[in-house]
Amino acid sequence: MDYSKLADMLFPDVSMTPEDMEKRYPERNLPEGAKVTRIAPSPTGFFHFGGLFPATVAERLAHQSGGVFYLRIEDTDSKREVEGAAEFITKILGYYGLNFDEGVTADGDKGDYGPYTQSQRVDIYHVYAKQLVRDGRAYPVFSTDEELDELKALDKKAEIKSVDWENEAQARREAMLKRREFTMEQVEAELAAGHRFALFAAADGDPEKKIKITDLVKGTLEIPENDEDVVLLKSDGIPTYHFAHAIDDHLMRTTHVIRGEEWLPSLPKHVMLFRYLGFRLPKYMHIAQLMRLDENGNKKKLSKRDMGANLDDYRRMGYSVDAVNEYVMTLLNSNYEEWRMQNPDKSRLEFPFSIKKMSASGCLFDIEKLNDVSKNVISKMTAAQVYDGVTEFAKTEDPDFYETLRADRAYAESILSIGRGGAKPRKDFALWADVKPYMSFFYDKYFTRQDEMPAGKDAADIKSALEKFVETYDENDDQTAWFEKCKDIAEQIGYARETKLYKKEPEKYKGHVGDVAAFIRVAVTGRQNSPDLYEVIKILGKSKTTERIAGQIKLL
RNA sequence: GGCCCGUUGGUCAAGAGGUUAAGACACGGCCCUUUCACGGCUGUAACAGCAGUUCGAAUCUGCUACGGGUCACCA
C-alpha cells in the first residue's frame, strides 16, 4: 500500500512536518540536572485531594532543581468539560501555593512551549498523525454516525464487570486484526461519503516478550510489550490521552512525567508510541494512590464521591493551606517529620525533597494525623496570622463571626495571644472552624452559660467567693498577686489555700483554691474549661467581668 | 479472568544480612497543673505465610495468600 498517498488523503491540510515542530519547540536551555515537570489536569471543575500528591512532587522537583513546572490543560474529552474549570484549577493551585512557571493563566498562556491547552494543539497532533500513517504505523477506522452514537452510549464500567474474559479477548483480537485490512479504494469511498475516521496505531509488540523500564519510585518494572492497537485520534480528530501525552511531553520537553499509578497499566502503550514517534522516553514516576477504608475494612482508592476527595472541601472545613501541605509532605517523604522537628521554623520549601524517600505503596488517609499536623502548624503562628486565617475562613463560611472579628481586630488578637508564642504554645485549633467555639464567650452575643458550677458545693459559699472576688479584684495585679487573692478567698470560706493541702487532709476542708477558680471561671466564661483565667479576665475587663459575675449570682 | 503494583504495630513509617525491630499519630497509665490546652515520663502493639540461600534473613530468591490498580473513540 502507498502509505504516503494514504497520509495525504487522510490529512490533506497538514503541510508541516515533525522537523518543523522540533524547530518550533527546541530543547530547553537549562542547567545540568534541571527537571521539567508538569501538572496536567482535566478541566472537570473538580480537583481531587489525591492530585495534590503528584502536583507537589512535580513542583518540588522542578523548582528544587532550577527547572520548570508548568500547567497543561487536558481537555480532550469534551463530554467531561465544565465551563470555567480552567480558571478554577489555576485558582486552587494558587491557593495551595503550587506556582507554575508556564501554562494556562487567567491572562492567557505564559511560556514558549504553548499552546498549553490540548484542544488548541490539534494541528500539532495531526502533523504526527500524518507522519505515522506515512510510516505505515497508523491506520484509519471509519464509522458512521450511528455507530459512533452506539459507542458513546456504551456504559463501559458496567460492561467490564460482566465480561466473559476469555471470549472477549479473542473477539477483540480478531476485530482488531480485521480493522487493519482495507484497501485504498475503500478509504476513498468512505471519505467521499463523508464518513469520519478514528486513527489507530498498529501495535507491533509481542506480549510474550517483556520490556524493562525504570520507574523512579517503583523501581525496575518488567512489563509485556504492547500488542493492542491504540486509538490515536478519535473520530472528531481530537487525540486520546496516550497520543497527546507522547507529543506534548516531548515537545514541551518534559523530563519527568509524574502521575498517579493508575497509569501504570498503559505504560506499554506509551513506550511504543514514543518509539514510533522517534522520541526519547521521559523519566516516569508513578505515585501510589491515596486510599480510604470501605465498609468491609478494605482499602479503596479515594474516589470522587468519597468524603474528603475534593480538595476544596478542606478549605471549607477550615484547614489551613499550610496544614494540608505539611500533611502531604509527611506522606510524600518519610524523613520530612524528622526534618521538621529539627527545623521547626523553616519553610517546607527548604526541605531537601528526595525521590528516594518516597513510598511505593499507597497509604490510608488519616484525618487524625492531619489534625495533629494542623494543630502544630497553627500553634506556631502569631496571633495576627491566626486572626488573618480565621477571618479569611469566616468571610465565606461564617459571615456573622467575620463581622464580629473585623469589628475589633485588637480585641480578637489579644484573645488569640493567650498561651501563644512561648516554647510550649497551646494547641487548641486543628481547624479555623475550631476558633469560634474556643473564643465565643468573649463576645456577649455568643456568650451562654453552658456549664454548671462544680457539683456538691454549697451555693452560699459560691456566692460568697464570687462577691469577695469582685470586691478585691484589681486590674493592676500581676498573676501571682491575683492568685494569692484567690487563695485568700478560699481560706475565708473554709477551703484549702492549696490543692495539695486539701488532698492530704480532705476532711479538714470544704474544698480548695481550684474550686474557687472554678466558681469564677464558670461565672465569667459560662464553662468549666477555659484558657488561663487571669488572662481571660484581664482581656474581658473589669466591668464585663463584674457584670458576668453578677449575672451568675442571681442564678444561685 | 489476563496483566501490573503493593504487603513491618490500628494508621504513616525507619530499616538496604548480625538492631533489645526507631520515630510520629491514635490509645492507656503516671507526673506537672486553679480547669482546659501544652509539656515530661511511660505502657500496649508489627516484619502476611511457606520453602530455599546463609553460621545468621524484616532485609536475597521462589511459591502461595491477601489487598490494590487496569483492561473505552475517559483522563
# chains A, B, ... in the order shown; residues from 1 in each chain; ligands from 1

$ residues_around --residues "segment 132-149 of chain A" --least-positions-apart "5" --cutoff "10 Å" --atoms "only C-alpha atoms (C1' of nucleotides)" --output "PyMOL selection string"
(chain A and resi 1-8+10-11+126-127+154+179-182+186-187+190-191+193-204+229-235+273+276-277) or (chain B and resi 73)

$ residues_around --residues "segment 47-58 of chain B" --least-positions-apart "4" --cutoff "10 Å" --atoms "only C-alpha atoms (C1' of nucleotides)" --output "list in words"
U7, U8, G9, G15, G17, G18, A21, G62, C63, U64, A65 and C66 of chain B

$ interface_residues --of "chain A" --to "chain B" --cutoff "7 Å" --atoms "only C-alpha atoms (C1' of nucleotides)" --output "number ranges by chain"
A: 42, 77, 156, 165, 198, 231, 234-235, 241, 262, 265, 331, 334, 361, 366, 368-369, 424-428, 513-514, 517-518, 528-531

$ select_by_dssp --residues "segment 117-356 of chain A" --states "alpha helix (DSSP H)" --output "PyMOL selection string"
chain A and resi 122-134+145-153+156-161+165-179+184-192+241-251+267-277+311-317+321-332+336-342

$ residues_around --residues "Val373 of chain A" --least-positions-apart "3" --cutoff "8 Å" --atoms "only C-alpha atoms (C1' of nucleotides)" --output "NGL selection string"
:A and (323 or 326-327 or 369-370 or 376-377 or 430)

$ write_last_selection --atoms "C-alpha atoms" --output "mmCIF file, in the first residue's frame"
data_model
loop_
_atom_site.group_PDB
_atom_site.id
_atom_site.type_symbol
_atom_site.label_atom_id
_atom_site.label_comp_id
_atom_site.auth_asym_id
_atom_site.auth_seq_id
_atom_site.Cartn_x
_atom_site.Cartn_y
_atom_site.Cartn_z
ATOM 1 C CA ALA A 323 -1.576 22.317 57.333
ATOM 2 C CA GLU A 326 2.523 19.937 55.660
ATOM 3 C CA TYR A 327 0.467 16.751 55.873
ATOM 4 C CA LYS A 369 -2.817 12.805 61.697
ATOM 5 C CA LEU A 370 -3.875 15.746 59.567
ATOM 6 C CA ASN A 376 1.257 22.102 65.288
ATOM 7 C CA VAL A 377 1.206 24.385 62.285
ATOM 8 C CA ALA A 430 -6.830 21.976 64.117
#

$ select_by_dssp --residues "segment 109-321 of chain A" --states "strand (DSSP E)" --output "ChimeraX atom specification"
/A:109-110,138-143,196-201,210-215,219-224,230-233,256-260,283-287,290-293,299-301

$ write_last_selection --atoms "C-alpha atoms" --output "compact mmCIF listing (two decimals), in the first residue's frame"
# COMPACT_ATOMS: atom_id res chain seq x y z
CA ASP A 109 -0.84 31.42 28.08
CA LYS A 110 2.55 32.06 29.62
CA ALA A 138 -1.19 4.11 11.87
CA TYR A 139 -4.39 3.37 10.03
CA PRO A 140 -7.91 4.75 9.84
CA VAL A 141 -11.09 3.08 11.03
CA PHE A 142 -14.25 4.52 9.55
CA SER A 143 -17.54 4.70 11.35
CA ARG A 196 -15.30 10.16 9.78
CA PHE A 197 -12.41 8.04 10.91
CA ALA A 198 -10.52 7.31 14.07
CA LEU A 199 -6.81 6.80 13.73
CA PHE A 200 -5.29 3.69 15.29
CA ALA A 201 -1.65 2.84 15.85
CA LYS A 210 8.97 -8.19 28.37
CA ILE A 211 10.50 -4.79 28.35
CA LYS A 212 12.40 -3.42 31.30
CA ILE A 213 11.71 0.11 32.31
CA THR A 214 12.76 2.04 35.38
CA ASP A 215 10.20 3.93 37.33
CA GLY A 219 11.99 0.61 40.67
CA THR A 220 12.62 -1.65 37.68
CA LEU A 221 9.42 -2.78 36.07
CA GLU A 222 9.06 -5.72 33.74
CA ILE A 223 6.10 -5.18 31.52
CA PRO A 224 4.90 -7.04 28.46
CA VAL A 230 -4.05 2.22 20.38
CA VAL A 231 -6.52 4.90 19.41
CA LEU A 232 -4.52 7.97 18.46
CA LEU A 233 -7.22 10.27 17.19
CA HIS A 256 9.92 13.74 34.43
CA VAL A 257 6.39 12.52 33.96
CA ILE A 258 4.82 12.37 37.41
CA ARG A 259 1.34 10.89 37.62
CA GLY A 260 -0.84 8.51 39.58
CA LYS A 283 11.63 9.51 33.18
CA TYR A 284 8.49 8.21 34.83
CA MET A 285 7.31 8.44 38.40
CA HIS A 286 4.08 6.69 39.28
CA ILE A 287 2.76 7.82 42.61
CA LEU A 290 -4.39 7.65 48.36
CA MET A 291 -6.75 5.12 49.91
CA ARG A 292 -9.74 5.05 52.20
CA LEU A 293 -11.35 2.26 54.16
CA LYS A 299 -8.59 -0.24 51.30
CA LYS A 300 -10.13 1.50 48.35
CA LYS A 301 -8.95 4.25 46.09

$ closest_residue --among "B:A22, B:A45, B:G40, B:C30" --to "G10 of chain B" --atoms "only C-alpha atoms (C1' of nucleotides)"
B:A45

$ atom_distance --atom1 "atom CA of Asp249 of chain A" --atom2 "atom CA of Ala309 of chain A"
27.4 Å

$ residues_around --residues "Phe401 of chain A" --least-positions-apart "2" --cutoff "12 Å" --atoms "only C-alpha atoms (C1' of nucleotides)" --output "list in words"
Tyr387, Val390, Thr391, Glu392, Phe393, Ala394, Lys395, Thr396, Glu397, Asp398, Pro399, Glu403, Thr404, Leu405, Arg406, Ala407, Asp408, Ala412, Trp432, Ala433, Val435, Lys436, Pro437, Met439, Ser440, Tyr443, Lys445 and Tyr446 of chain A

$ atom_distance --atom1 "atom CA of Ala244 of chain A" --atom2 "atom CA of Tyr125 of chain A"
7.1 Å

$ atom_distance --atom1 "atom CA of Thr254 of chain A" --atom2 "atom CA of Arg348 of chain A"
24.7 Å

$ closest_residue --among "A:Phe69, A:Tyr128, A:Tyr473, A:Tyr438" --to "Asp20 of chain A" --atoms "only C-alpha atoms"
A:Tyr128
